[in-house]
file run37.cif (mmCIF, C-alpha atoms and all ligand atoms)
data_final
loop_
_atom_site.label_atom_id
_atom_site.label_comp_id
_atom_site.auth_asym_id
_atom_site.auth_seq_id
_atom_site.Cartn_x
_atom_site.Cartn_y
_atom_site.Cartn_z
CA MET I 1 176.89 320.57 141.25
CA THR I 2 176.30 317.78 143.64
CA VAL I 3 176.80 314.28 142.42
CA SER I 4 175.14 311.64 144.38
CA CYS I 5 176.29 308.12 144.04
CA GLN I 6 174.55 305.07 145.19
CA PHE I 7 176.43 301.83 145.44
CA VAL I 8 174.59 298.60 145.51
CA PHE I 9 176.60 295.64 146.75
CA VAL I 10 175.37 292.36 145.39
CA THR I 11 176.52 289.36 147.31
CA LYS I 12 176.31 286.17 145.34
CA MET I 13 174.24 284.01 147.60
CA ARG I 14 174.71 280.27 147.51
CA PRO I 15 171.38 278.49 147.79
CA PRO I 16 171.07 276.87 151.19
CA MET I 17 172.65 273.42 151.23
CA LYS I 18 170.18 270.61 151.46
CA THR I 19 170.60 268.72 154.69
CA GLU I 20 168.01 266.04 153.99
CA THR I 21 167.51 263.74 151.03
CA PRO I 22 165.69 260.48 150.32
CA VAL I 23 168.94 258.84 149.11
CA LEU I 24 172.56 259.72 149.81
CA ILE I 25 175.03 258.11 147.41
CA ALA I 26 178.66 257.94 148.56
CA GLY I 27 180.94 257.89 145.49
CA GLY I 28 180.27 259.28 142.02
CA GLY I 29 182.06 256.70 139.84
CA PRO I 30 180.13 254.73 137.18
CA VAL I 31 177.99 252.89 139.74
CA GLY I 32 177.09 255.94 141.87
CA THR I 33 176.22 258.15 138.88
CA THR I 34 174.22 255.38 137.17
CA LEU I 35 172.24 254.77 140.34
CA ALA I 36 171.54 258.52 140.74
CA LEU I 37 170.43 258.63 137.10
CA ASP I 38 168.13 255.64 137.50
CA LEU I 39 166.58 257.22 140.61
CA ALA I 40 166.22 260.62 138.85
CA VAL I 41 164.44 259.02 135.89
CA ARG I 42 161.98 257.56 138.43
CA GLY I 43 161.56 260.99 140.07
CA VAL I 44 163.52 260.09 143.22
CA ALA I 45 165.86 262.78 144.56
CA SER I 46 169.40 262.04 145.70
CA ILE I 47 172.65 263.67 146.75
CA VAL I 48 175.90 262.23 145.37
CA VAL I 49 179.17 263.04 147.18
CA GLU I 50 182.29 262.44 145.10
CA GLU I 51 185.68 263.30 146.56
CA ARG I 52 187.53 263.71 143.25
CA LEU I 53 187.56 266.97 141.29
CA ALA I 54 189.52 265.53 138.32
CA MET I 55 189.65 262.19 136.58
CA PRO I 56 192.01 259.59 138.08
CA PRO I 57 195.47 259.32 136.46
CA ASN I 58 194.93 255.74 135.28
CA PRO I 59 192.24 254.46 132.91
CA LYS I 60 190.29 251.55 134.32
CA CYS I 61 187.34 249.92 132.56
CA ASN I 62 187.70 249.88 128.76
CA THR I 63 184.58 248.03 127.65
CA THR I 64 180.96 248.69 128.56
CA ASN I 65 179.00 245.60 127.67
CA ALA I 66 175.71 245.32 125.80
CA ARG I 67 173.60 244.89 128.94
CA SER I 68 175.00 248.09 130.46
CA MET I 69 174.57 249.96 127.15
CA GLU I 70 170.91 248.80 127.09
CA HIS I 71 170.48 250.36 130.56
CA TYR I 72 172.10 253.60 129.34
CA ARG I 73 169.67 253.58 126.40
CA ARG I 74 166.77 253.38 128.89
CA LEU I 75 168.37 256.19 130.93
CA GLY I 76 168.83 258.39 127.85
CA CYS I 77 172.60 258.57 127.44
CA ALA I 78 173.62 255.56 125.30
CA ASP I 79 174.14 257.77 122.26
CA ALA I 80 176.33 260.28 124.15
CA ILE I 81 178.42 257.42 125.56
CA ARG I 82 178.77 255.77 122.15
CA ARG I 83 180.01 259.03 120.62
CA ALA I 84 182.59 259.54 123.39
CA GLY I 85 186.02 257.90 123.65
CA LEU I 86 187.68 256.54 120.51
CA PRO I 87 187.13 258.28 117.15
CA LEU I 88 183.84 257.09 115.63
CA ASP I 89 185.50 255.36 112.70
CA ARG I 90 188.12 253.52 114.77
CA ALA I 91 188.03 249.75 114.31
CA THR I 92 187.45 247.99 117.62
CA ASP I 93 189.06 244.72 116.50
CA VAL I 94 190.87 242.41 118.89
CA VAL I 95 194.14 241.31 117.32
CA TYR I 96 196.72 238.74 118.42
CA VAL I 97 200.37 239.41 117.54
CA THR I 98 203.81 238.13 118.50
CA ARG I 99 205.06 241.67 119.24
CA TRP I 100 203.84 245.15 118.35
CA THR I 101 206.24 245.11 115.42
CA GLY I 102 205.85 241.34 114.85
CA HIS I 103 203.49 238.92 113.12
CA GLU I 104 199.71 239.07 113.23
CA LEU I 105 198.41 235.67 114.41
CA THR I 106 194.67 236.19 114.24
CA ARG I 107 192.02 238.90 114.48
CA TYR I 108 188.41 239.27 115.63
CA LYS I 109 186.82 241.92 113.47
CA LEU I 110 184.37 244.13 115.37
CA ARG I 111 182.37 247.17 114.26
CA SER I 112 183.38 250.79 114.79
CA SER I 113 180.99 253.13 116.66
CA ALA I 114 180.08 254.73 113.32
CA ASP I 115 179.01 251.31 111.96
CA VAL I 116 176.85 250.75 115.03
CA ILE I 117 175.28 254.25 114.94
CA ASN I 118 174.65 254.07 111.18
CA LYS I 119 173.49 250.43 111.37
CA THR I 120 175.88 249.64 108.50
CA PRO I 121 174.82 246.22 107.12
CA ASN I 122 177.18 243.31 106.43
CA THR I 123 180.49 244.80 107.60
CA GLY I 124 181.88 241.27 107.96
CA ALA I 125 182.38 241.83 111.71
CA ILE I 126 181.53 239.11 114.21
CA ASP I 127 179.09 241.46 115.97
CA ASP I 128 177.10 242.33 112.80
CA TYR I 129 174.08 240.33 113.97
CA TRP I 130 174.34 240.36 117.74
CA PRO I 131 170.73 240.46 118.94
CA THR I 132 170.78 243.77 120.78
CA PRO I 133 169.97 247.37 119.88
CA GLU I 134 173.00 248.46 121.95
CA PRO I 135 176.07 246.29 121.38
CA GLN I 136 179.10 246.59 123.65
CA HIS I 137 181.11 249.78 123.43
CA ARG I 138 184.87 250.20 123.72
CA ILE I 139 185.31 253.23 125.92
CA SER I 140 187.70 254.04 128.73
CA GLN I 141 186.21 254.99 132.09
CA LEU I 142 188.10 258.29 131.56
CA ALA I 143 185.64 259.17 128.79
CA MET I 144 182.59 257.27 130.04
CA GLU I 145 182.35 258.87 133.50
CA PRO I 146 182.03 262.47 132.16
CA ALA I 147 179.41 261.35 129.60
CA ILE I 148 177.19 259.82 132.32
CA ARG I 149 177.81 262.71 134.72
CA ASP I 150 176.96 265.40 132.12
CA HIS I 151 173.64 263.65 131.47
CA LEU I 152 172.98 263.27 135.22
CA LYS I 153 173.54 267.01 135.73
CA THR I 154 170.53 267.76 133.47
CA PHE I 155 168.23 266.26 136.14
CA SER I 156 167.11 268.56 138.95
CA GLU I 157 166.44 265.48 141.13
CA CYS I 158 170.16 264.97 141.66
CA ASP I 159 172.43 267.23 143.71
CA TYR I 160 175.90 266.13 142.53
CA ARG I 161 178.69 267.39 144.79
CA GLU I 162 182.26 267.05 143.52
CA GLY I 163 185.05 267.66 146.02
CA TRP I 164 182.94 266.23 148.85
CA ARG I 165 184.01 263.27 150.94
CA PHE I 166 181.82 260.79 152.77
CA LEU I 167 183.10 260.31 156.31
CA SER I 168 180.74 258.31 158.51
CA PHE I 169 177.16 257.32 159.24
CA GLN I 170 174.89 256.38 162.10
CA GLN I 171 171.58 254.70 161.41
CA ALA I 172 168.25 254.73 163.25
CA ASP I 173 164.95 252.98 162.43
CA GLU I 174 163.62 255.78 160.19
CA PHE I 175 166.74 257.50 158.85
CA VAL I 176 170.51 257.48 158.46
CA ASP I 177 172.59 260.46 159.63
CA CYS I 178 175.75 260.94 157.59
CA ILE I 179 178.78 263.15 158.06
CA VAL I 180 180.26 264.48 154.81
CA GLN I 181 183.08 266.94 154.28
CA GLU I 182 183.42 269.78 151.77
CA ILE I 183 187.12 269.13 151.12
CA ALA I 184 188.21 272.64 149.97
CA SER I 185 187.11 274.26 153.23
CA ALA I 186 187.46 271.14 155.42
CA THR I 187 183.91 271.88 156.63
CA GLU I 188 181.86 268.98 157.90
CA HIS I 189 178.11 268.78 157.27
CA GLN I 190 175.42 266.42 158.44
CA ILE I 191 172.97 265.01 155.89
CA ARG I 192 169.96 262.98 156.98
CA CYS I 193 168.73 260.44 154.41
CA ARG I 194 166.22 257.62 154.26
CA TYR I 195 168.72 255.35 152.49
CA LEU I 196 172.50 255.44 152.20
CA VAL I 197 174.17 253.67 149.26
CA SER I 198 177.86 252.80 149.24
CA CYS I 199 179.31 253.36 145.75
CA GLU I 200 182.82 254.31 146.81
CA GLY I 201 184.55 251.48 144.99
CA ALA I 202 186.71 248.60 146.07
CA ARG I 203 188.11 250.38 149.15
CA SER I 204 184.67 251.23 150.55
CA VAL I 205 184.66 252.36 154.19
CA ILE I 206 180.89 251.84 154.42
CA ARG I 207 181.22 248.20 153.40
CA ARG I 208 183.81 247.70 156.14
CA GLU I 209 181.61 249.48 158.65
CA MET I 210 178.74 247.12 157.71
CA ASN I 211 181.11 244.20 158.26
CA THR I 212 180.39 242.86 154.78
CA GLN I 213 182.80 240.09 153.87
CA LEU I 214 183.95 239.31 150.34
CA GLU I 215 183.97 235.61 149.49
CA GLY I 216 185.59 233.78 146.57
CA ARG I 217 189.02 233.73 144.94
CA ASP I 218 191.15 236.53 146.31
CA CYS I 219 193.67 236.35 143.47
CA VAL I 220 192.95 235.34 139.89
CA ALA I 221 195.92 237.18 138.36
CA LYS I 222 198.17 240.13 139.12
CA PHE I 223 198.47 243.15 136.86
CA CYS I 224 200.86 246.00 136.35
CA THR I 225 199.00 248.52 134.20
CA THR I 226 200.95 251.40 132.65
CA TYR I 227 199.21 254.33 130.97
CA LEU I 228 201.46 255.63 128.19
CA LYS I 229 201.69 258.58 125.88
CA SER I 230 203.58 257.77 122.68
CA ALA I 231 203.15 259.13 119.17
CA ALA I 232 205.62 256.51 117.87
CA LEU I 233 203.34 253.51 118.51
CA LYS I 234 200.75 254.44 115.91
CA GLU I 235 203.50 254.96 113.34
CA LEU I 236 205.19 251.63 114.16
CA TRP I 237 202.05 249.46 114.06
CA PRO I 238 202.38 247.45 110.80
CA HIS I 239 198.86 245.99 110.59
CA LYS I 240 195.28 247.28 110.21
CA PRO I 241 194.13 249.37 113.22
CA ALA I 242 192.61 247.59 116.21
CA TRP I 243 191.42 248.45 119.70
CA MET I 244 192.89 245.56 121.76
CA HIS I 245 196.30 244.21 120.90
CA ARG I 246 197.16 240.92 122.61
CA ILE I 247 200.86 240.19 122.55
CA TYR I 248 202.18 236.69 123.17
CA ASN I 249 205.83 235.68 122.93
CA ALA I 250 208.46 233.73 124.85
CA ASP I 251 209.09 236.74 127.13
CA GLY I 252 205.52 236.90 128.45
CA GLU I 253 201.99 238.11 127.77
CA SER I 254 200.73 241.67 127.66
CA HIS I 255 197.96 243.72 126.14
CA VAL I 256 197.90 247.17 124.62
CA VAL I 257 194.60 249.03 124.59
CA ALA I 258 193.97 252.05 122.35
CA ILE I 259 192.57 254.78 124.62
CA ASP I 260 192.08 257.73 122.25
CA GLY I 261 193.08 256.28 118.88
CA GLU I 262 196.05 258.65 118.74
CA ASP I 263 198.87 258.67 121.29
CA ARG I 264 197.30 257.29 124.54
CA TRP I 265 197.71 253.59 125.25
CA LEU I 266 197.27 251.27 128.19
CA HIS I 267 199.78 248.47 128.69
CA PRO I 268 198.69 245.85 131.23
CA SER I 269 201.25 243.11 132.02
CA ILE I 270 199.50 239.97 133.24
CA LEU I 271 201.33 238.04 135.96
CA SER I 272 200.56 234.75 137.66
CA PRO I 273 199.02 234.75 141.18
CA ASP I 274 202.33 233.61 142.74
CA SER I 275 204.46 236.33 141.10
CA ASP I 276 206.04 239.23 142.99
CA LEU I 277 204.11 242.25 141.74
CA ASP I 278 206.41 244.82 143.34
CA ALA I 279 209.44 243.29 141.64
CA HIS I 280 207.85 243.45 138.15
CA ASP I 281 210.05 245.43 135.74
CA HIS I 282 207.48 247.32 133.65
CA ARG I 283 210.08 248.96 131.36
CA ARG I 284 211.41 245.56 130.36
CA ALA I 285 207.87 244.22 129.83
CA ILE I 286 207.04 247.19 127.60
CA ARG I 287 210.26 246.65 125.61
CA ASN I 288 209.35 242.95 125.19
CA ALA I 289 205.85 243.82 123.98
CA PHE I 290 206.94 246.38 121.41
CA GLY I 291 210.07 244.60 120.22
CA VAL I 292 211.97 247.87 119.81
CA ASP I 293 212.91 250.79 122.05
CA ILE I 294 210.35 253.55 121.69
CA ASP I 295 209.95 257.00 123.24
CA TYR I 296 207.06 257.13 125.68
CA GLU I 297 205.88 259.09 128.68
CA VAL I 298 204.34 257.28 131.66
CA LEU I 299 201.10 259.09 132.54
CA GLY I 300 200.09 256.72 135.31
CA GLN I 301 200.67 253.25 136.69
CA GLU I 302 198.78 250.85 138.90
CA ARG I 303 199.83 247.49 140.34
CA TRP I 304 196.69 245.56 141.24
CA ILE I 305 195.21 242.14 141.90
CA ALA I 306 192.23 240.79 139.96
CA ARG I 307 189.88 238.97 142.34
CA ALA I 308 186.61 237.07 141.78
CA MET I 309 184.69 237.78 144.97
CA VAL I 310 181.10 238.41 145.97
CA ALA I 311 179.80 240.24 149.04
CA ASN I 312 178.07 238.01 151.58
CA HIS I 313 175.34 240.58 152.19
CA TYR I 314 174.19 243.73 150.42
CA HIS I 315 172.38 245.76 153.03
CA LYS I 316 171.94 246.35 156.69
CA GLN I 317 168.62 248.08 157.40
CA ARG I 318 168.84 251.39 155.51
CA VAL I 319 172.42 251.12 154.27
CA PHE I 320 173.07 249.41 150.94
C1 LIG I 401 192.54 248.09 135.01
C2 LIG I 401 191.06 247.86 135.14
C3 LIG I 401 190.33 247.51 134.00
C4 LIG I 401 188.97 247.32 134.09
N1 LIG I 401 188.27 247.01 132.96
C5 LIG I 401 186.93 246.91 132.99
C6 LIG I 401 186.17 246.71 131.80
O1 LIG I 401 186.73 246.64 130.70
N2 LIG I 401 184.83 246.65 131.90
C7 LIG I 401 184.19 246.77 133.10
O2 LIG I 401 182.96 246.73 133.13
N3 LIG I 401 184.89 246.96 134.25
C8 LIG I 401 186.22 247.04 134.20
N4 LIG I 401 186.93 247.27 135.35
C9 LIG I 401 186.19 247.39 136.60
C10 LIG I 401 185.56 248.77 136.71
O3 LIG I 401 186.55 249.76 136.58
C11 LIG I 401 184.88 248.85 138.07
O4 LIG I 401 183.92 247.83 138.14
C12 LIG I 401 184.18 250.19 138.24
O5 LIG I 401 185.13 251.22 138.32
C13 LIG I 401 183.36 250.15 139.50
O6 LIG I 401 182.70 251.37 139.58
P1 LIG I 401 182.34 252.00 140.98
O7 LIG I 401 181.59 253.26 140.69
O8 LIG I 401 181.74 250.95 141.85
O9 LIG I 401 183.75 252.29 141.66
P2 LIG I 401 184.91 253.31 141.27
O10 LIG I 401 185.08 253.45 139.80
O11 LIG I 401 186.09 252.88 142.07
O12 LIG I 401 184.34 254.68 141.81
C14 LIG I 401 184.26 254.95 143.19
C15 LIG I 401 184.19 256.45 143.35
O13 LIG I 401 184.01 256.74 144.73
C16 LIG I 401 184.85 257.84 145.07
N5 LIG I 401 185.12 257.74 146.51
C17 LIG I 401 185.83 256.81 147.18
N6 LIG I 401 185.79 257.02 148.51
C18 LIG I 401 185.02 258.12 148.69
C19 LIG I 401 184.55 258.85 149.85
N7 LIG I 401 184.89 258.47 151.10
N8 LIG I 401 183.76 259.93 149.67
C20 LIG I 401 183.40 260.34 148.41
N9 LIG I 401 183.79 259.69 147.28
C21 LIG I 401 184.58 258.59 147.42
C22 LIG I 401 186.09 257.66 144.21
O14 LIG I 401 186.77 258.90 144.03
C23 LIG I 401 185.49 257.14 142.91
O15 LIG I 401 185.16 258.16 142.00
C24 LIG I 401 188.31 247.45 135.32
C25 LIG I 401 189.04 247.79 136.47
C26 LIG I 401 190.39 247.99 136.39
C27 LIG I 401 191.16 248.34 137.65
#
call {"tool": "encode", "arguments": {"input": "run37.cif", "output": "structure tokens"}}
result
Amino acid sequence: MTVSCQFVFVTKMRPPMKTETPVLIAGGGPVGTTLALDLAVRGVASIVVEERLAMPPNPKCNTTNARSMEHYRRLGCADAIRRAGLPLDRATDVVYVTRWTGHELTRYKLRSSADVINKTPNTGAIDDYWPTPEPQHRISQLAMEPAIRDHLKTFSECDYREGWRFLSFQQADEFVDCIVQEIASATEHQIRCRYLVSCEGARSVIRREMNTQLEGRDCVAKFCTTYLKSAALKELWPHKPAWMHRIYNADGESHVVAIDGEDRWLHPSILSPDSDLDAHDHRRAIRNAFGVDIDYEVLGQERWIARAMVANHYHKQRVF
């Protein structure tokens, strides 16, 4: 008996990479993804290149204000954002205390996400009657970015490329030629676009290339922000739950932000503009804030300067 075999090799073909797009967006943080979403809703195609594959180790923004939430409502993802982050029933109060284990001085009562979603009347919170359909939302950028990105990925107008780095651009009258890199293979590609938008954050190379200057106060305060994991903190807290804990005592000022309502916390120490940020002893500051020695793991830390500056121009021909 003769057995005949036929093998069929199927090669998984990657669709050809687009090399032209109306809009190229460098950076897929909150601003880049929101812009891509706004363009997609208007039927305008874009490519977003984002160099990160994972979330950054340190949480940044922790509040998305009402105006931004109103935009997300228009763009179709306000509900997804509101359901992400802290547990829905977590109070989002701002409370002032002498130490974590000390006296409560005062408290601003604010609604939980569940109260906002369910339109619970008369909760006694100061935001009960704020005149907006989308009040502010307490959410870390760690949870907000994926919520916006997941919604963006449902639009065929946007080609979102994670693990891609923007390198350089050259502009002509009718187009901008950009060099981007697929980081895993270190392969460089050229993409021609009608408009290039710089959304790569505070260290933007495009902004420097455009010679945009930032004007204003270059130091409002200095911060040392430590991202902590500690199960003990929730147990030790002697008052009603809150979202922002502002701690004031003779040893200094610091804040503790609830990130997930369980064991993730952010501890920013606030230092004066003339202080030596590098010399700041974060362990001592954390001890002063909590009033007792606690077990905690440092998940990330950033020493940074808060500035109040505005760009002196926002575009040069086709580059924004
Ligand atoms: C501690 C802290 C607390 C804050 N709290 C708040 C708050 O409560 N509310 C608020 O509204 N704002 C807050 N902010 C500010 C807020 O985080 C920023 O305004 C926001 O992150 C800006 O978004 P962005 O998309 O412009 O930049 P980023 O968030 O910096 O995103 C830029 C993106 O570009 C990517 N990228 C950079 N270079 C390249 C490249 N060459 N190629 C490809 N990708 C690149 C980066 O990986 C990043 O994902 C806070 C900031 C800090 C530091």
call {"tool": "residues_near_ligand", "arguments": {"input": "run37.cif", "ligand": "ligand LIG 401 (chain I)", "cutoff": "9 Å", "atoms": "only C-alpha atoms and all ligand atoms", "output": "ChimeraX atom specification"}}
result
/I:25-34,48-53,55-56,58-65,68,138-141,145,162-168,180-181,198-206,223-225,266,268,302,304-306
call {"tool": "closest_atom_pairs", "arguments": {"input": "run37.cif", "of": "region 13-127 of chain I", "to": "region 285-299 of chain I", "cutoff": "9 Å", "atoms": "only C-alpha atoms", "output": "CSV"}}
result
residue,atom,partner,partner_atom,distance
I:Pro57,CA,I:Leu299,CA,6.9
I:Asn58,CA,I:Leu299,CA,7.5
I:Thr98,CA,I:Ala289,CA,8.2
I:Arg99,CA,I:Ala289,CA,5.3
I:Trp100,CA,I:Phe290,CA,4.5
I:Thr101,CA,I:Gly291,CA,6.2
I:Gly102,CA,I:Gly291,CA,7.6
call {"tool": "write_last_selection", "arguments": {"input": "run37.cif", "atoms": "C-alpha atoms", "output": "short mmCIF file (atom, residue, chain, number, x, y, z; two decimals), in the frame of the given file"}}
result
data_model
loop_
_atom_site.label_atom_id
_atom_site.label_comp_id
_atom_site.auth_asym_id
_atom_site.auth_seq_id
_atom_site.Cartn_x
_atom_site.Cartn_y
_atom_site.Cartn_z
CA PRO I 57 195.47 259.32 136.46
CA ASN I 58 194.93 255.74 135.28
CA THR I 98 203.81 238.13 118.50
CA ARG I 99 205.06 241.67 119.24
CA TRP I 100 203.84 245.15 118.35
CA THR I 101 206.24 245.11 115.42
CA GLY I 102 205.85 241.34 114.85
#
call {"tool": "closest_residue", "arguments": {"input": "run37.cif", "among": "I:Arg111, I:Arg207, I:Lys222, I:His255", "to": "Tyr314 (chain I)", "atoms": "only C-alpha atoms"}}
result
I:Arg207
call {"tool": "atom_distance", "arguments": {"input": "run37.cif", "atom1": "CA of Tyr108 (chain I)", "atom2": "CA of Val95 (chain I)"}}
result
6.3 Å
call {"tool": "residues_around", "arguments": {"input": "run37.cif", "residues": "Val257 (chain I)", "least_positions_apart": "2", "cutoff": "7 Å", "atoms": "all atoms listed in the file", "output": "PyMOL selection string"}}
result
chain I and resi 243-245+255+259+265-267
call {"tool": "residues_near_point", "arguments": {"input": "run37.cif", "point": "(173.6, 257.1, 128.2)", "cutoff": "10 Å", "atoms": "only C-alpha atoms", "output": "PyMOL selection string"}}
result
chain I and resi 34+37+68-82+144+147-152
call {"tool": "write_last_selection", "arguments": {"input": "run37.cif", "atoms": "C-alpha atoms", "output": "PDB file, in the coordinates of the input"}}
result
ATOM      1  CA  THR I  34     174.220 255.380 137.170  1.00  0.00           C
ATOM      2  CA  LEU I  37     170.430 258.630 137.100  1.00  0.00           C
ATOM      3  CA  SER I  68     175.000 248.090 130.460  1.00  0.00           C
ATOM      4  CA  MET I  69     174.570 249.960 127.150  1.00  0.00           C
ATOM      5  CA  GLU I  70     170.910 248.800 127.090  1.00  0.00           C
ATOM      6  CA  HIS I  71     170.480 250.360 130.560  1.00  0.00           C
ATOM      7  CA  TYR I  72     172.100 253.600 129.340  1.00  0.00           C
ATOM      8  CA  ARG I  73     169.670 253.580 126.400  1.00  0.00           C
ATOM      9  CA  ARG I  74     166.770 253.380 128.890  1.00  0.00           C
ATOM     10  CA  LEU I  75     168.370 256.190 130.930  1.00  0.00           C
ATOM     11  CA  GLY I  76     168.830 258.390 127.850  1.00  0.00           C
ATOM     12  CA  CYS I  77     172.600 258.570 127.440  1.00  0.00           C
ATOM     13  CA  ALA I  78     173.620 255.560 125.300  1.00  0.00           C
ATOM     14  CA  ASP I  79     174.140 257.770 122.260  1.00  0.00           C
ATOM     15  CA  ALA I  80     176.330 260.280 124.150  1.00  0.00           C
ATOM     16  CA  ILE I  81     178.420 257.420 125.560  1.00  0.00           C
ATOM     17  CA  ARG I  82     178.770 255.770 122.150  1.00  0.00           C
ATOM     18  CA  MET I 144     182.590 257.270 130.040  1.00  0.00           C
ATOM     19  CA  ALA I 147     179.410 261.350 129.600  1.00  0.00           C
ATOM     20  CA  ILE I 148     177.190 259.820 132.320  1.00  0.00           C
ATOM     21  CA  ARG I 149     177.810 262.710 134.720  1.00  0.00           C
ATOM     22  CA  ASP I 150     176.960 265.400 132.120  1.00  0.00           C
ATOM     23  CA  HIS I 151     173.640 263.650 131.470  1.00  0.00           C
ATOM     24  CA  LEU I 152     172.980 263.270 135.220  1.00  0.00           C
TER      25      LEU I 152
END
call {"tool": "residues_around", "arguments": {"input": "run37.cif", "residues": "Asp274 (chain I)", "least_positions_apart": "6", "cutoff": "10 Å", "atoms": "only C-alpha atoms", "output": "list in words"}}
result
Cys219, Val220, Ala221 and Lys222 of chain I
call {"tool": "atom_distance", "arguments": {"input": "run37.cif", "atom1": "CA of Arg264 (chain I)", "atom2": "CA of Thr226 (chain I)"}}
result
10.7 Å
call {"tool": "closest_residue", "arguments": {"input": "run37.cif", "among": "I:Thr106, I:Thr123, I:Ser46, I:Ser230", "to": "Phe155 (chain I)", "atoms": "all atoms listed in the file"}}
result
I:Ser46
call {"tool": "build_atoms", "arguments": {"input": "run37.cif", "residues": "region 104-115 of chain I", "atoms": "N, CA, C and O atoms", "output": "PDB file, keeping the file's coordinate frame"}}
result
ATOM      1  N   GLU I 104     201.112 239.177 112.807  1.00  0.00           N
ATOM      2  CA  GLU I 104     199.710 239.070 113.230  1.00  0.00           C
ATOM      3  C   GLU I 104     199.328 237.592 113.199  1.00  0.00           C
ATOM      4  O   GLU I 104     199.530 236.903 112.189  1.00  0.00           O
ATOM      5  N   LEU I 105     198.771 237.086 114.326  1.00  0.00           N
ATOM      6  CA  LEU I 105     198.410 235.670 114.410  1.00  0.00           C
ATOM      7  C   LEU I 105     196.958 235.455 114.020  1.00  0.00           C
ATOM      8  O   LEU I 105     196.626 234.586 113.238  1.00  0.00           O
ATOM      9  N   THR I 106     196.087 236.267 114.609  1.00  0.00           N
ATOM     10  CA  THR I 106     194.670 236.190 114.240  1.00  0.00           C
ATOM     11  C   THR I 106     193.976 237.483 114.672  1.00  0.00           C
ATOM     12  O   THR I 106     194.558 238.296 115.404  1.00  0.00           O
ATOM     13  N   ARG I 107     192.724 237.639 114.221  1.00  0.00           N
ATOM     14  CA  ARG I 107     192.020 238.900 114.480  1.00  0.00           C
ATOM     15  C   ARG I 107     190.516 238.650 114.566  1.00  0.00           C
ATOM     16  O   ARG I 107     189.962 237.888 113.771  1.00  0.00           O
ATOM     17  N   TYR I 108     189.871 239.252 115.574  1.00  0.00           N
ATOM     18  CA  TYR I 108     188.410 239.270 115.630  1.00  0.00           C
ATOM     19  C   TYR I 108     187.960 240.635 115.127  1.00  0.00           C
ATOM     20  O   TYR I 108     188.263 241.657 115.755  1.00  0.00           O
ATOM     21  N   LYS I 109     187.269 240.647 114.020  1.00  0.00           N
ATOM     22  CA  LYS I 109     186.820 241.920 113.470  1.00  0.00           C
ATOM     23  C   LYS I 109     185.535 242.364 114.169  1.00  0.00           C
ATOM     24  O   LYS I 109     184.586 241.589 114.264  1.00  0.00           O
ATOM     25  N   LEU I 110     185.532 243.586 114.656  1.00  0.00           N
ATOM     26  CA  LEU I 110     184.370 244.130 115.370  1.00  0.00           C
ATOM     27  C   LEU I 110     184.052 245.515 114.803  1.00  0.00           C
ATOM     28  O   LEU I 110     184.939 246.218 114.307  1.00  0.00           O
ATOM     29  N   ARG I 111     182.796 245.919 114.910  1.00  0.00           N
ATOM     30  CA  ARG I 111     182.370 247.170 114.260  1.00  0.00           C
ATOM     31  C   ARG I 111     182.902 248.413 114.968  1.00  0.00           C
ATOM     32  O   ARG I 111     183.127 248.410 116.176  1.00  0.00           O
ATOM     33  N   SER I 112     183.057 249.480 114.212  1.00  0.00           N
ATOM     34  CA  SER I 112     183.380 250.790 114.790  1.00  0.00           C
ATOM     35  C   SER I 112     182.078 251.387 115.349  1.00  0.00           C
ATOM     36  O   SER I 112     180.972 250.925 115.032  1.00  0.00           O
ATOM     37  N   SER I 113     182.203 252.460 116.143  1.00  0.00           N
ATOM     38  CA  SER I 113     180.990 253.130 116.660  1.00  0.00           C
ATOM     39  C   SER I 113     180.153 253.666 115.517  1.00  0.00           C
ATOM     40  O   SER I 113     178.920 253.627 115.555  1.00  0.00           O
ATOM     41  N   ALA I 114     180.820 254.180 114.466  1.00  0.00           N
ATOM     42  CA  ALA I 114     180.080 254.730 113.320  1.00  0.00           C
ATOM     43  C   ALA I 114     179.224 253.641 112.666  1.00  0.00           C
ATOM     44  O   ALA I 114     178.058 253.876 112.314  1.00  0.00           O
ATOM     45  N   ASP I 115     179.784 252.423 112.540  1.00  0.00           N
ATOM     46  CA  ASP I 115     179.010 251.310 111.960  1.00  0.00           C
ATOM     47  C   ASP I 115     177.790 250.990 112.822  1.00  0.00           C
ATOM     48  O   ASP I 115     176.716 250.679 112.305  1.00  0.00           O
TER      49      ASP I 115
END
